[in-house]
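work-v1.cif (mmCIF, C-alpha atoms) appears below.
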data_run
#
loop_
_atom_site.label_atom_id
_atom_site.label_comp_id
_atom_site.auth_asym_id
_atom_site.auth_seq_id
_atom_site.Cartn_x
_atom_site.Cartn_y
_atom_site.Cartn_z
CA MET N 1 35.40 173.29 133.38
CA LYS N 2 37.36 172.76 136.57
CA LYS N 3 40.05 170.12 136.75
CA THR N 4 38.50 168.72 139.93
CA ASP N 5 35.26 168.05 138.04
CA LEU N 6 37.12 165.86 135.56
CA GLN N 7 38.99 163.94 138.22
CA SER N 8 35.76 162.74 139.78
CA LYS N 9 34.26 161.47 136.52
CA TYR N 10 36.54 158.66 135.39
CA ASP N 11 36.65 155.10 136.69
CA SER N 12 39.85 155.11 138.73
CA ARG N 13 39.67 151.35 139.40
CA TYR N 14 39.73 150.67 135.65
CA VAL N 15 42.72 152.98 135.18
CA VAL N 16 44.65 151.59 138.14
CA ASN N 17 44.01 147.98 137.08
CA ARG N 18 45.06 148.65 133.50
CA LEU N 19 48.16 150.54 134.63
CA SER N 20 49.10 147.65 136.91
CA ARG N 21 48.96 145.30 133.95
CA ALA N 22 51.07 147.64 131.81
CA ILE N 23 53.60 148.01 134.62
CA GLY N 24 53.79 144.23 134.88
CA HIS N 25 54.66 143.99 131.19
CA VAL N 26 57.28 146.73 131.45
CA LYS N 27 58.85 144.95 134.45
CA LEU N 28 58.87 141.75 132.42
CA VAL N 29 60.67 143.55 129.58
CA LYS N 30 63.26 144.83 132.06
CA THR N 31 63.80 141.36 133.46
CA MET N 32 64.04 139.91 129.98
CA ALA N 33 66.56 142.57 128.93
CA GLU N 34 68.66 141.97 132.04
CA SER N 35 68.78 138.27 131.21
CA GLY N 36 69.74 138.92 127.59
CA ALA N 37 66.47 137.86 125.98
CA ASP N 38 66.03 138.02 122.23
CA CYS N 39 65.20 141.44 120.78
CA THR N 40 62.03 140.14 119.08
CA ASP N 41 60.70 138.94 122.44
CA LEU N 42 61.40 142.34 123.99
CA LEU N 43 59.64 144.11 121.13
CA SER N 44 56.65 141.84 121.48
CA GLN N 45 56.27 142.54 125.20
CA LEU N 46 56.80 146.27 124.68
CA ALA N 47 54.03 146.26 122.08
CA VAL N 48 51.67 144.72 124.63
CA ALA N 49 52.57 147.34 127.26
CA ARG N 50 52.22 150.15 124.74
CA GLY N 51 48.84 148.84 123.64
CA GLN N 52 47.65 148.81 127.23
CA VAL N 53 48.78 152.39 127.82
CA ASP N 54 47.17 153.47 124.55
CA SER N 55 43.94 151.81 125.66
CA ILE N 56 43.99 153.67 128.99
CA HIS N 57 44.67 156.91 127.13
CA ALA N 58 41.72 156.35 124.79
CA HIS N 59 39.43 155.51 127.71
CA LEU N 60 40.34 158.68 129.60
CA LEU N 61 40.10 160.79 126.46
CA ALA N 62 36.62 159.49 125.76
CA GLN N 63 35.55 160.20 129.34
CA TYR N 64 36.98 163.72 129.10
CA ALA N 65 35.15 164.38 125.81
CA VAL N 66 31.82 163.21 127.22
CA GLN N 67 32.19 165.36 130.31
CA PHE N 68 33.27 168.34 128.23
CA ALA N 69 30.22 167.98 125.99
CA GLU N 70 27.89 167.85 128.98
CA ASP N 71 29.52 170.84 130.67
CA TYR N 72 29.74 172.88 127.48
CA GLN N 73 26.11 172.21 126.63
CA ARG N 74 25.16 173.73 130.00
CA SER N 75 27.53 176.70 130.00
CA GLY N 76 28.47 177.39 126.36
CA GLU N 77 31.52 179.34 127.53
CA PRO N 78 34.15 179.85 124.78
CA GLU N 79 37.01 179.47 127.31
CA GLU N 80 35.92 175.90 127.91
CA LEU N 81 36.06 175.15 124.21
CA GLU N 82 39.62 176.49 124.04
CA GLN N 83 40.62 174.46 127.09
CA PHE N 84 39.17 171.34 125.45
CA ARG N 85 41.07 172.08 122.24
CA GLN N 86 44.33 172.48 124.16
CA VAL N 87 43.84 169.22 126.04
CA MET N 88 43.13 167.40 122.77
CA LEU N 89 46.24 168.84 121.15
CA ARG N 90 48.48 167.90 124.10
CA SER N 91 46.92 164.47 124.25
CA ALA N 92 47.51 163.80 120.56
CA LYS N 93 51.25 164.53 120.76
CA LYS N 94 53.51 161.53 121.08
#
Rewritten as structure tokens:
Amino acid sequence: MKKTDLQSKYDSRYVVNRLSRAIGHVKLVKTMAESGADCTDLLSQLAVARGQVDSIHAHLLAQYAVQFAEDYQRSGEPEELEQFRQVMLRSAKK
């Protein structure tokens, strides 16, 4: 499976919009920290930003898995299965 094939299969508008929202929350946390906001408020906003990034990650992972399944069903090449396994392992690391 070629990397370029994957890049054309996800909804970039969804990803960009969700990233913009997450960036907005991270900027808010920075502003709050600079102004000396309460730690609990910072943690709350960080949880929102983290949740948004996790959601984007899950969306892309699901798209990747669907495309892999379609491609693998056609080709059945073992190298593709190993590539998929490696992507899943890297993706699962935090």
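The gap separating CA of Gln67 in chain N from CA of Ser20 in chain N is 25.4 Å, in Å to one decimal.
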_Shell of 12 Å around Ser55 in chain N, only C-alpha atoms, local chain residues under 2 positions omitted, as a list in words_ = Tyr14, Val15, Arg18, Leu19, Arg21, Ala22, Val48, Ala49, Arg50, Gly51, Gln52, Val53, His57, Ala58, His59, Leu60, Leu61 and Ala62 of chain N
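For the pair CA of Phe68 in chain N and CA of Asn17 in chain N, the interatomic distance is 24.7 Å.
Put simply, CA of Gln63 in chain N is 9.0 Å away from CA of Asp11 in chain N.
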*Spell out the residues picked by the PyMOL selection byres ((chain N and resi 81) around 12) here, as a ChimeraX atom specification.*
/N:1,65,68-73,75-80,82-88
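Here the PyMOL selection byres ((chain N and resi 29) around 12) catches exactly these residues: Ala22, Ile23, Gly24, His25, Val26, Lys27, Leu28, Lys30, Thr31, Met32, Ala33, Glu34, Ser35, Gly36, Ala37, Asp38, Cys39, Thr40, Asp41, Leu42, Leu43, Ser44, Gln45, Leu46, Ala47, Val48, Ala49 and Arg50 of chain N.
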